[in-house]
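protein09.txt (compact mmCIF, C-alpha atoms)
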# COMPACT_ATOMS: atom_id res chain seq x y z
CA MET A 1 147.62 -67.28 46.68
CA GLY A 2 145.19 -68.12 43.89
CA THR A 3 144.37 -71.32 42.04
CA PRO A 4 146.86 -72.95 39.67
CA LYS A 5 145.24 -71.25 36.70
CA GLU A 6 145.23 -67.88 38.42
CA GLU A 7 148.86 -68.23 39.42
CA ARG A 8 149.87 -67.98 35.76
CA LYS A 9 148.40 -64.48 35.74
CA THR A 10 149.53 -61.34 37.50
CA LYS A 11 146.67 -60.05 39.57
CA ASN A 12 145.70 -56.41 39.43
CA PRO A 13 147.24 -54.50 42.37
CA MET A 14 143.76 -53.27 43.32
CA MET A 15 142.82 -56.90 43.92
CA HIS A 16 145.53 -57.17 46.58
CA LEU A 17 144.57 -53.79 48.05
CA ILE A 18 140.90 -54.65 48.52
CA ALA A 19 141.28 -58.34 49.40
CA GLY A 20 144.27 -57.80 51.65
CA GLY A 21 142.82 -54.70 53.28
CA SER A 22 139.53 -56.47 53.94
CA ALA A 23 141.40 -59.41 55.48
CA GLY A 24 143.41 -57.12 57.72
CA PHE A 25 140.38 -55.11 58.83
CA VAL A 26 138.38 -58.19 59.80
CA GLU A 27 141.33 -59.90 61.49
CA SER A 28 142.39 -56.89 63.58
CA SER A 29 138.84 -56.08 64.65
CA ILE A 30 138.40 -59.57 66.05
CA CYS A 31 141.87 -60.30 67.43
CA HIS A 32 143.24 -56.95 68.66
CA PRO A 33 142.36 -57.51 72.36
CA LEU A 34 144.75 -60.48 72.39
CA ASP A 35 147.51 -58.24 71.03
CA THR A 36 146.93 -55.74 73.86
CA ILE A 37 147.15 -58.56 76.41
CA LYS A 38 150.36 -59.81 74.80
CA THR A 39 151.93 -56.34 74.88
CA ARG A 40 151.07 -55.80 78.57
CA MET A 41 152.53 -59.21 79.47
CA GLN A 42 155.76 -58.47 77.59
CA LEU A 43 156.15 -55.06 79.24
CA ARG A 44 155.60 -56.46 82.73
CA LYS A 45 158.86 -56.86 84.64
CA GLN A 46 159.44 -59.83 86.90
CA GLU A 47 158.58 -58.92 90.50
CA VAL A 48 161.46 -59.27 92.96
CA SER A 49 160.64 -59.64 96.67
CA VAL A 50 163.12 -58.21 99.12
CA GLU A 51 163.27 -60.40 102.20
CA ARG A 52 165.90 -58.86 104.41
CA VAL A 53 167.98 -55.71 104.43
CA VAL A 54 170.74 -55.53 107.03
CA ILE A 55 171.95 -52.03 107.85
CA LYS A 56 175.06 -51.48 109.96
CA MET A 57 175.22 -48.04 111.46
CA LYS A 58 176.45 -46.04 114.34
CA HIS A 59 174.11 -45.67 117.31
CA SER A 60 173.37 -42.03 116.50
CA LEU A 61 172.04 -43.02 113.04
CA VAL A 62 169.56 -45.64 114.24
CA GLU A 63 166.73 -43.21 114.96
CA PRO A 64 166.89 -41.42 111.57
CA ALA A 65 166.98 -44.81 109.87
CA LEU A 66 163.85 -45.88 111.70
CA ARG A 67 162.17 -42.65 110.60
CA ILE A 68 163.09 -43.51 107.02
CA LYS A 69 161.60 -46.96 107.56
CA HIS A 70 158.29 -45.49 108.68
CA SER A 71 158.28 -42.95 105.86
CA LEU A 72 158.61 -45.84 103.43
CA GLN A 73 155.78 -47.66 105.12
CA GLU A 74 153.41 -44.70 105.32
CA PRO A 75 152.65 -44.20 101.58
CA PHE A 76 151.62 -47.83 101.26
CA MET A 77 149.40 -47.51 104.31
CA ARG A 78 147.80 -44.41 102.82
CA THR A 79 147.32 -46.21 99.49
CA ALA A 80 145.62 -49.15 101.17
CA HIS A 81 143.40 -46.79 103.19
CA SER A 82 142.41 -44.71 100.16
CA VAL A 83 141.59 -47.80 98.12
CA SER A 84 139.45 -49.21 100.90
CA ALA A 85 137.60 -45.91 101.16
CA ALA A 86 137.16 -45.59 97.40
CA GLY A 87 135.16 -48.78 97.08
CA GLY A 88 135.03 -51.15 94.12
CA GLY A 89 136.67 -48.87 91.55
CA GLY A 90 140.10 -48.70 93.11
CA VAL A 91 143.22 -50.70 92.53
CA HIS A 92 144.97 -52.31 95.47
CA GLU A 93 148.70 -52.83 95.10
CA PRO A 94 150.75 -55.05 97.44
CA SER A 95 151.92 -53.09 100.48
CA LEU A 96 155.19 -53.45 102.31
CA HIS A 97 155.44 -54.92 105.79
CA LEU A 98 158.52 -53.75 107.67
CA HIS A 99 159.80 -55.18 110.92
CA SER A 100 162.94 -54.15 112.78
CA THR A 101 164.92 -55.92 115.47
CA PRO A 102 165.46 -54.29 118.91
CA VAL A 103 168.39 -51.94 119.13
CA THR A 104 170.70 -51.91 122.09
CA ASN A 105 172.37 -48.78 123.43
CA GLN A 106 175.31 -50.63 124.93
CA HIS A 107 177.48 -50.57 121.83
CA PRO A 108 178.60 -47.64 119.72
CA SER A 109 177.86 -49.63 116.57
CA VAL A 110 174.78 -51.78 116.09
CA THR A 111 173.20 -53.89 113.40
CA GLN A 112 169.68 -52.93 112.42
CA GLU A 113 167.76 -55.59 110.49
CA VAL A 114 164.78 -54.42 108.47
CA LEU A 115 162.52 -57.07 106.96
CA VAL A 116 160.71 -55.94 103.83
CA LYS A 117 157.97 -58.33 102.80
CA PRO A 118 155.24 -57.72 100.22
CA THR A 119 151.86 -58.46 101.70
CA ALA A 120 149.01 -58.84 99.24
CA GLY A 121 145.82 -57.18 100.36
CA HIS A 122 142.43 -58.46 99.36
CA GLY A 123 140.25 -55.75 100.76
CA ARG A 124 137.31 -54.10 99.11
CA GLY A 125 138.17 -52.80 95.64
CA ALA A 126 141.20 -55.07 95.25
CA VAL A 127 142.07 -56.39 91.82
CA THR A 128 143.73 -59.77 92.04
CA ALA A 129 144.93 -61.48 88.87
CA SER A 130 147.49 -64.02 87.81
CA LEU A 131 150.21 -63.25 85.31
CA GLY A 132 148.53 -65.33 82.61
CA PRO A 133 146.50 -64.06 79.64
CA LEU A 134 143.13 -64.39 81.38
CA GLY A 135 144.42 -62.70 84.54
CA THR A 136 145.96 -59.88 82.50
CA ALA A 137 142.72 -59.38 80.59
CA HIS A 138 140.72 -59.34 83.85
CA ARG A 139 143.09 -56.79 85.35
CA ILE A 140 142.89 -54.50 82.31
CA ILE A 141 139.09 -54.64 82.18
CA GLN A 142 138.60 -54.04 85.90
CA ARG A 143 141.14 -51.22 86.07
CA GLU A 144 140.56 -49.48 82.76
CA GLY A 145 137.35 -50.74 81.23
CA VAL A 146 136.61 -53.29 78.51
CA PHE A 147 137.43 -50.89 75.68
CA ALA A 148 141.00 -50.63 77.00
CA LEU A 149 141.56 -53.96 75.25
CA TYR A 150 141.21 -52.01 72.00
CA LYS A 151 143.88 -49.42 72.78
CA GLY A 152 146.06 -48.83 69.73
CA LEU A 153 143.46 -50.17 67.31
CA THR A 154 143.46 -46.89 65.37
CA ALA A 155 147.17 -47.38 64.72
CA VAL A 156 146.44 -50.89 63.48
CA TYR A 157 143.65 -49.68 61.20
CA THR A 158 145.87 -46.91 59.86
CA GLY A 159 148.52 -49.38 58.80
CA ILE A 160 146.49 -52.48 58.05
CA ILE A 161 145.35 -51.71 54.50
CA PRO A 162 148.77 -50.66 53.14
CA LYS A 163 150.45 -53.44 55.12
CA MET A 164 148.25 -56.17 53.72
CA ALA A 165 148.37 -54.65 50.24
CA ILE A 166 152.17 -54.55 50.37
CA ARG A 167 152.34 -58.06 51.86
CA PHE A 168 150.27 -59.83 49.22
CA LEU A 169 151.28 -57.65 46.27
CA SER A 170 155.01 -57.80 47.04
CA PHE A 171 154.80 -61.55 47.70
CA GLU A 172 153.31 -62.17 44.27
CA GLN A 173 155.80 -59.82 42.60
CA TYR A 174 158.81 -61.35 44.36
CA ARG A 175 157.58 -64.86 43.58
CA GLU A 176 157.13 -64.06 39.89
CA LEU A 177 160.63 -62.56 39.80
CA LEU A 178 162.35 -65.41 41.66
CA ALA A 179 160.53 -68.08 39.66
CA LYS A 180 162.39 -66.91 36.55
CA PHE A 181 165.58 -68.33 38.05
CA GLU A 182 164.01 -71.78 38.50
CA LYS A 183 163.75 -74.48 35.87
CA ASN A 184 160.67 -73.91 33.69
CA GLY A 185 159.75 -70.94 35.86
CA GLU A 186 158.36 -73.25 38.54
CA LYS A 187 157.19 -71.67 41.79
CA THR A 188 158.92 -74.07 44.13
CA SER A 189 158.83 -74.06 47.92
CA ARG A 190 162.21 -72.36 47.90
CA VAL A 191 160.85 -69.57 45.71
CA THR A 192 157.81 -69.21 47.95
CA PHE A 193 159.97 -69.08 51.09
CA MET A 194 162.27 -66.38 49.71
CA ALA A 195 159.34 -64.37 48.35
CA GLY A 196 157.64 -64.52 51.74
CA LEU A 197 160.85 -63.46 53.48
CA ALA A 198 161.30 -60.48 51.13
CA SER A 199 157.63 -59.56 51.53
CA GLY A 200 157.94 -59.53 55.33
CA LEU A 201 161.07 -57.38 55.23
CA THR A 202 159.37 -54.93 52.87
CA GLU A 203 156.25 -54.46 54.97
CA ALA A 204 158.33 -54.08 58.14
CA VAL A 205 160.24 -51.12 56.72
CA VAL A 206 157.40 -49.39 54.92
CA VAL A 207 154.50 -49.76 57.34
CA VAL A 208 154.78 -52.12 60.31
CA THR A 209 157.54 -50.53 62.42
CA PRO A 210 156.16 -46.95 62.60
CA ALA A 211 152.61 -48.25 63.13
CA GLU A 212 153.68 -50.60 65.93
CA VAL A 213 155.69 -47.92 67.73
CA CYS A 214 152.52 -45.81 67.91
CA LYS A 215 150.37 -48.83 68.78
CA ILE A 216 152.60 -49.93 71.64
CA ARG A 217 152.80 -46.42 73.11
CA LEU A 218 148.98 -46.31 73.10
CA GLN A 219 148.63 -49.84 74.50
CA SER A 220 151.16 -49.31 77.28
CA GLN A 221 149.27 -46.40 78.84
CA TYR A 222 147.69 -47.46 82.11
CA HIS A 223 144.92 -44.86 82.20
CA SER A 224 141.35 -45.89 82.87
CA LEU A 225 138.82 -45.38 80.11
CA MET A 226 136.19 -45.17 82.84
CA ASP A 227 137.83 -42.12 84.44
CA ALA A 228 137.19 -38.88 82.53
CA SER A 229 140.01 -37.00 84.29
CA GLN A 230 142.55 -39.67 83.34
CA MET A 231 141.30 -39.65 79.76
CA GLN A 232 141.86 -35.89 79.55
CA HIS A 233 145.41 -36.07 80.89
CA ARG A 234 146.66 -39.10 78.96
CA LYS A 235 149.78 -38.42 76.93
CA TYR A 236 148.94 -40.34 73.76
CA LYS A 237 145.41 -39.80 72.41
CA ASN A 238 145.32 -41.24 68.88
CA VAL A 239 147.69 -42.58 66.27
CA VAL A 240 148.28 -39.27 64.43
CA GLN A 241 148.84 -37.28 67.63
CA THR A 242 151.09 -40.06 68.94
CA ALA A 243 153.23 -40.08 65.81
CA PHE A 244 153.66 -36.28 65.84
CA LEU A 245 154.45 -36.26 69.57
CA ILE A 246 157.07 -39.00 69.21
CA VAL A 247 158.76 -37.14 66.35
CA LYS A 248 158.62 -33.86 68.28
CA GLU A 249 160.09 -35.27 71.50
CA GLU A 250 162.45 -37.96 70.21
CA GLY A 251 163.02 -37.31 66.50
CA ILE A 252 161.71 -39.10 63.42
CA GLY A 253 164.12 -41.97 64.01
CA ALA A 254 162.08 -42.93 67.08
CA LEU A 255 159.33 -44.18 64.77
CA TYR A 256 161.79 -46.82 63.61
CA LYS A 257 162.78 -48.12 67.02
CA GLY A 258 163.06 -51.88 66.92
CA LEU A 259 163.38 -51.91 63.12
CA VAL A 260 165.86 -54.81 63.02
CA PRO A 261 163.88 -57.21 65.25
CA THR A 262 160.69 -56.15 63.47
CA MET A 263 162.23 -56.95 60.08
CA LEU A 264 163.47 -60.30 61.33
CA ARG A 265 160.12 -61.11 62.92
CA GLN A 266 158.06 -60.12 59.89
CA GLY A 267 160.47 -61.80 57.46
CA ILE A 268 160.43 -65.12 59.34
CA ASN A 269 156.68 -64.99 59.87
CA GLN A 270 155.78 -64.36 56.24
CA ALA A 271 158.36 -66.82 54.91
CA VAL A 272 156.92 -69.57 57.12
CA ASN A 273 153.30 -68.53 56.62
CA PHE A 274 153.32 -68.40 52.84
CA THR A 275 155.47 -71.53 52.49
CA CYS A 276 153.36 -73.66 54.83
CA TYR A 277 150.06 -72.35 53.51
CA ASN A 278 150.89 -72.81 49.83
CA ALA A 279 152.42 -76.27 50.38
CA ALA A 280 149.38 -77.43 52.35
CA LYS A 281 147.04 -75.84 49.82
CA LYS A 282 148.64 -77.73 46.94
CA CYS A 283 148.44 -81.01 48.84
CA VAL A 284 144.77 -80.55 49.72
CA MET A 285 143.79 -79.52 46.18
CA LYS A 286 145.69 -82.47 44.73
CA TRP A 287 144.05 -84.86 47.20
CA GLN A 288 140.60 -83.44 46.41
CA ASN A 289 141.36 -83.22 42.69
CA THR A 290 140.12 -79.65 42.62
CA ASP A 291 141.51 -76.21 41.81
CA HIS A 292 140.26 -74.33 44.88
CA LEU A 293 139.75 -74.60 48.62
CA GLU A 294 136.56 -74.31 50.60
CA HIS A 295 136.42 -71.33 52.94
CA TRP A 296 136.70 -73.50 56.04
CA GLN A 297 139.76 -75.20 54.55
CA SER A 298 141.47 -71.84 54.01
CA LEU A 299 140.60 -71.01 57.62
CA VAL A 300 142.17 -74.21 59.01
CA LEU A 301 145.29 -74.13 56.82
CA GLY A 302 145.85 -70.44 57.51
CA GLY A 303 145.67 -71.02 61.26
CA LEU A 304 148.07 -73.98 61.20
CA SER A 305 150.62 -72.14 59.06
CA GLY A 306 150.41 -69.07 61.30
CA GLY A 307 151.38 -70.94 64.48
CA VAL A 308 154.87 -72.01 63.43
CA GLY A 309 156.69 -68.68 63.14
CA PRO A 310 155.80 -67.14 66.54
CA ILE A 311 157.23 -70.07 68.47
CA VAL A 312 160.61 -69.54 66.80
CA ASN A 313 160.83 -65.76 66.81
CA ASN A 314 159.08 -64.72 70.03
CA PRO A 315 162.35 -63.35 71.56
CA LEU A 316 162.47 -60.91 68.64
CA ASP A 317 158.95 -59.78 69.45
CA VAL A 318 159.76 -59.26 73.15
CA VAL A 319 162.87 -57.21 72.32
CA LYS A 320 160.96 -55.23 69.70
CA THR A 321 158.26 -54.37 72.23
CA ARG A 322 160.78 -53.24 74.85
CA LEU A 323 162.71 -51.10 72.34
CA GLN A 324 159.56 -49.45 70.99
CA LYS A 325 158.13 -48.74 74.46
CA GLN A 326 161.41 -47.19 75.63
CA VAL A 327 161.53 -43.39 75.64
CA VAL A 328 165.03 -42.09 74.87
CA VAL A 329 166.06 -39.05 76.92
CA PRO A 330 168.83 -36.93 75.34
CA GLY A 331 172.10 -37.29 77.22
CA LYS A 332 170.98 -40.44 79.03
CA GLU A 333 172.02 -43.93 78.01
CA PRO A 334 168.91 -46.05 77.25
CA LYS A 335 168.55 -49.41 78.95
CA TYR A 336 168.15 -51.32 75.70
CA THR A 337 170.52 -50.33 72.90
CA SER A 338 170.46 -53.19 70.37
CA LEU A 339 168.90 -56.55 69.59
CA VAL A 340 171.66 -58.68 71.10
CA GLN A 341 172.23 -56.38 74.10
CA ALA A 342 168.50 -56.31 74.88
CA CYS A 343 168.29 -60.11 74.74
CA LEU A 344 171.20 -60.44 77.14
CA VAL A 345 169.83 -57.84 79.57
CA ILE A 346 166.37 -59.42 79.66
CA ALA A 347 167.80 -62.93 80.09
CA ARG A 348 170.17 -61.78 82.87
CA GLU A 349 167.63 -59.73 84.82
CA GLU A 350 164.47 -61.78 84.31
CA GLY A 351 165.61 -65.20 83.12
CA VAL A 352 165.80 -66.78 79.67
CA LEU A 353 162.12 -67.72 79.69
CA ALA A 354 161.29 -64.01 79.83
CA LEU A 355 162.17 -63.92 76.13
CA TRP A 356 159.07 -66.02 75.55
CA LYS A 357 156.78 -63.71 77.50
CA GLY A 358 153.45 -63.27 75.81
CA ILE A 359 153.81 -66.42 73.67
CA THR A 360 150.40 -67.73 74.72
CA PRO A 361 148.38 -64.61 73.84
CA ARG A 362 150.58 -64.15 70.77
CA LEU A 363 149.67 -67.62 69.53
CA LEU A 364 146.06 -66.99 70.48
CA ARG A 365 146.32 -63.77 68.48
CA ILE A 366 148.28 -64.95 65.44
CA VAL A 367 146.78 -68.41 64.83
CA PRO A 368 143.16 -67.24 64.48
CA GLY A 369 144.45 -64.02 62.93
CA GLN A 370 146.24 -65.82 60.11
CA ALA A 371 143.27 -68.14 59.71
CA ILE A 372 140.93 -65.17 59.29
CA THR A 373 143.40 -63.34 57.04
CA PHE A 374 143.88 -66.17 54.54
CA MET A 375 140.21 -67.11 54.51
CA THR A 376 139.07 -63.51 54.01
CA TYR A 377 141.71 -62.87 51.35
CA GLU A 378 140.76 -65.99 49.39
CA ALA A 379 137.03 -65.28 49.77
CA VAL A 380 137.25 -61.64 48.67
CA SER A 381 139.63 -62.49 45.81
CA SER A 382 137.36 -65.24 44.48
CA THR A 383 134.29 -63.02 44.84
CA LEU A 384 135.89 -60.13 42.96
CA THR A 385 137.11 -62.54 40.29
CA SER A 386 133.66 -64.12 39.89
CA PHE A 387 132.17 -60.66 39.27
CA GLY A 388 134.91 -59.84 36.75
CA PHE A 389 136.51 -57.03 38.77
CA PHE A 390 140.22 -56.18 38.45
CA THR A 391 141.01 -59.06 36.11
CA SER A 392 144.24 -58.87 34.15
CA SER A 393 146.02 -61.31 31.92

Written as structure tokens, that's how I'd like the structure from this file.
Amino acid sequence: MGTPKEERKTKNPMMHLIAGGSAGFVESSICHPLDTIKTRMQLRKQEVSVERVVIKMKHSLVEPALRIKHSLQEPFMRTAHSVSAAGGGGVHEPSLHLHSTPVTNQHPSVTQEVLVKPTAGHGRGAVTASLGPLGTAHRIIQREGVFALYKGLTAVYTGIIPKMAIRFLSFEQYRELLAKFEKNGEKTSRVTFMAGLASGLTEAVVVVTPAEVCKIRLQSQYHSLMDASQMQHRKYKNVVQTAFLIVKEEGIGALYKGLVPTMLRQGINQAVNFTCYNAAKKCVMKWQNTDHLEHWQSLVLGGLSGGVGPIVNNPLDVVKTRLQKQVVVPGKEPKYTSLVQACLVIAREEGVLALWKGITPRLLRIVPGQAITFMTYEAVSSTLTSFGFFTSS
């Protein structure tokens, strides 16, 4: 990650801790709302509208069936009424409109048709939003408050310093080790790719998976930060309490839900990120005939390198999110059991494109995130080096 002269040296681990931790802190503080939007989009199931239900029954069962129909209709009517009465703070969900055909008494067996159609209400207090990133953000803010976009940030902060330290330190260590197998110890693109892959796998096991399980549980809660009573009764309150509660209810293994897709995602991301960034960095420095990049150049190159991986591995991120959100009840078969099975279930129930849910906010999150990360890392590293801190030969 340093200049050609610096790359011949092994940086002090504290350099990676401070520079990497600073990069992670700045990046997550700025970009975390986009991660919350992405998670909500990935957890949202495709809505299925039921157009017609045909019930064949004996004449004596028609009346009870109609009572069932009205009992189904009544809660939605009450919901609409309560929202209208509550004013601007409520949330209006689509109600159901039911219509039945006339029933004749001339035959012992009749066919009762019940039409079930969602009807969107736009009364006072209604929250209407599209399924896109902006609509999702608008819905979260109006329902839960602006600070709901920062749900799970404590889990990110808890893991960000060790994650970034492990990422940059392990990358340099793996690259030094793998370079010994190359001619003249050259740090080729192949060496960089494999070092990035190993670095991503390492951080996924040590830090990322447990932190993201807690983060996603916090993000997926639909309580309103503007409602004190909901805040008091929310299940997950902070990252430490969430981790202990998950272990208590589901076992310590639950903190490693989605480990395989997380390892694959992190491995691919870091392999691509480090390879693209270092290759572009060498080209720019050679073209400029210099041994360093300007801060804005690190920002641009970091952003460009960060956009490649997510496009390829977004299905892994969707599956990881579903697995980590899922609460396993003892004695009950979970819906998602493995990487391949989860992919097949999502594709069958929601369509293949559902595996790319959240790609837009993910790119909006990762591209500027990687840009900020590389720029901050390079800036802090060069600053510490210029002051003579943590230098080692």

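Put simply, atom CA of Leu43 of chain A is 28.5 Å away from atom CA of Gly302 of chain A.
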
Interatomic distance (Å, one decimal) between atom CA of Thr242 of chain A and atom CA of Ala148 of chain A: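 Distance reported for this atom pair: 16.7 Å.
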
For segment 9-23 of chain A, find every residue with an atom within 7 Å (counting only C-alpha atoms), except residues of its own chain fewer than 5 positions away, and show them as JSON, numbers by chain. {"A": [160, 161, 164, 165, 168, 169, 372, 373, 376, 377, 380, 381, 390, 391, 392, 393]}

Please dump the current selection as a PDB file, keeping the file's coordinate frame; keep C-alpha atoms.
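The result, written out as selection.pdb:
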ATOM      1  CA  ILE A 160     146.490 -52.480  58.050  1.00  0.00           C
ATOM      2  CA  ILE A 161     145.350 -51.710  54.500  1.00  0.00           C
ATOM      3  CA  MET A 164     148.250 -56.170  53.720  1.00  0.00           C
ATOM      4  CA  ALA A 165     148.370 -54.650  50.240  1.00  0.00           C
ATOM      5  CA  PHE A 168     150.270 -59.830  49.220  1.00  0.00           C
ATOM      6  CA  LEU A 169     151.280 -57.650  46.270  1.00  0.00           C
ATOM      7  CA  ILE A 372     140.930 -65.170  59.290  1.00  0.00           C
ATOM      8  CA  THR A 373     143.400 -63.340  57.040  1.00  0.00           C
ATOM      9  CA  THR A 376     139.070 -63.510  54.010  1.00  0.00           C
ATOM     10  CA  TYR A 377     141.710 -62.870  51.350  1.00  0.00           C
ATOM     11  CA  VAL A 380     137.250 -61.640  48.670  1.00  0.00           C
ATOM     12  CA  SER A 381     139.630 -62.490  45.810  1.00  0.00           C
ATOM     13  CA  PHE A 390     140.220 -56.180  38.450  1.00  0.00           C
ATOM     14  CA  THR A 391     141.010 -59.060  36.110  1.00  0.00           C
ATOM     15  CA  SER A 392     144.240 -58.870  34.150  1.00  0.00           C
ATOM     16  CA  SER A 393     146.020 -61.310  31.920  1.00  0.00           C
TER      17      SER A 393
END

Expected residue set, 8 Å radius at (142.1, -52.9, 71.9), all atoms listed in the file, as a tab-separated table (two decimals) with C-alpha atoms, in the frame of the given file:
chain	number	residue	atom	x	y	z
A	32	HIS	CA	143.24	-56.95	68.66
A	33	PRO	CA	142.36	-57.51	72.36
A	35	ASP	CA	147.51	-58.24	71.03
A	36	THR	CA	146.93	-55.74	73.86
A	147	PHE	CA	137.43	-50.89	75.68
A	148	ALA	CA	141.00	-50.63	77.00
A	149	LEU	CA	141.56	-53.96	75.25
A	150	TYR	CA	141.21	-52.01	72.00
A	151	LYS	CA	143.88	-49.42	72.78
A	152	GLY	CA	146.06	-48.83	69.73
A	153	LEU	CA	143.46	-50.17	67.31
A	219	GLN	CA	148.63	-49.84	74.50

At a cut-off of 8 Å, using all atoms listed in the file, what residues contact Cys31 of chain A? Leave out same-chain residues fewer than 5 positions from it and give the result as a count of residues only. 3

Local residues around (157.1, -36.4, 69.7), at most 12 Å away, using all atoms listed in the file, as a PyMOL selection string: chain A and resi 213-214+217+235-236+239-255+327-329

What gap, in Å, lies between atom CA of Leu259 of chain A and atom CA of Thr209 of chain A? 6.0 Å

Restricting the calculation to all atoms listed in the file: of A:Thr192, A:Thr321, A:Gln341, A:Thr383, which residue gets closest to Thr262 of chain A?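 Between A:Thr192, A:Thr321, A:Gln341, A:Thr383, the residue approaching Thr262 of chain A most closely is A:Thr321.
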
Residues within 8 Å of segment 310-320 of chain A, only C-alpha atoms, excluding chain neighbours under 6 positions, as a PDB file with C-alpha atoms, in the frame of the given file:
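Okay, part.pdb is ready:
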ATOM      1  CA  GLN A  42     155.760 -58.470  77.590  1.00  0.00           C
ATOM      2  CA  LYS A 257     162.780 -48.120  67.020  1.00  0.00           C
ATOM      3  CA  GLY A 258     163.060 -51.880  66.920  1.00  0.00           C
ATOM      4  CA  LEU A 259     163.380 -51.910  63.120  1.00  0.00           C
ATOM      5  CA  PRO A 261     163.880 -57.210  65.250  1.00  0.00           C
ATOM      6  CA  THR A 262     160.690 -56.150  63.470  1.00  0.00           C
ATOM      7  CA  LEU A 264     163.470 -60.300  61.330  1.00  0.00           C
ATOM      8  CA  ARG A 265     160.120 -61.110  62.920  1.00  0.00           C
ATOM      9  CA  ILE A 268     160.430 -65.120  59.340  1.00  0.00           C
ATOM     10  CA  ASN A 269     156.680 -64.990  59.870  1.00  0.00           C
ATOM     11  CA  LEU A 339     168.900 -56.550  69.590  1.00  0.00           C
ATOM     12  CA  ALA A 342     168.500 -56.310  74.880  1.00  0.00           C
ATOM     13  CA  CYS A 343     168.290 -60.110  74.740  1.00  0.00           C
ATOM     14  CA  LEU A 355     162.170 -63.920  76.130  1.00  0.00           C
ATOM     15  CA  TRP A 356     159.070 -66.020  75.550  1.00  0.00           C
ATOM     16  CA  LYS A 357     156.780 -63.710  77.500  1.00  0.00           C
ATOM     17  CA  GLY A 358     153.450 -63.270  75.810  1.00  0.00           C
ATOM     18  CA  ILE A 359     153.810 -66.420  73.670  1.00  0.00           C
ATOM     19  CA  ARG A 362     150.580 -64.150  70.770  1.00  0.00           C
ATOM     20  CA  LEU A 363     149.670 -67.620  69.530  1.00  0.00           C
ATOM     21  CA  ILE A 366     148.280 -64.950  65.440  1.00  0.00           C
TER      22      ILE A 366
END
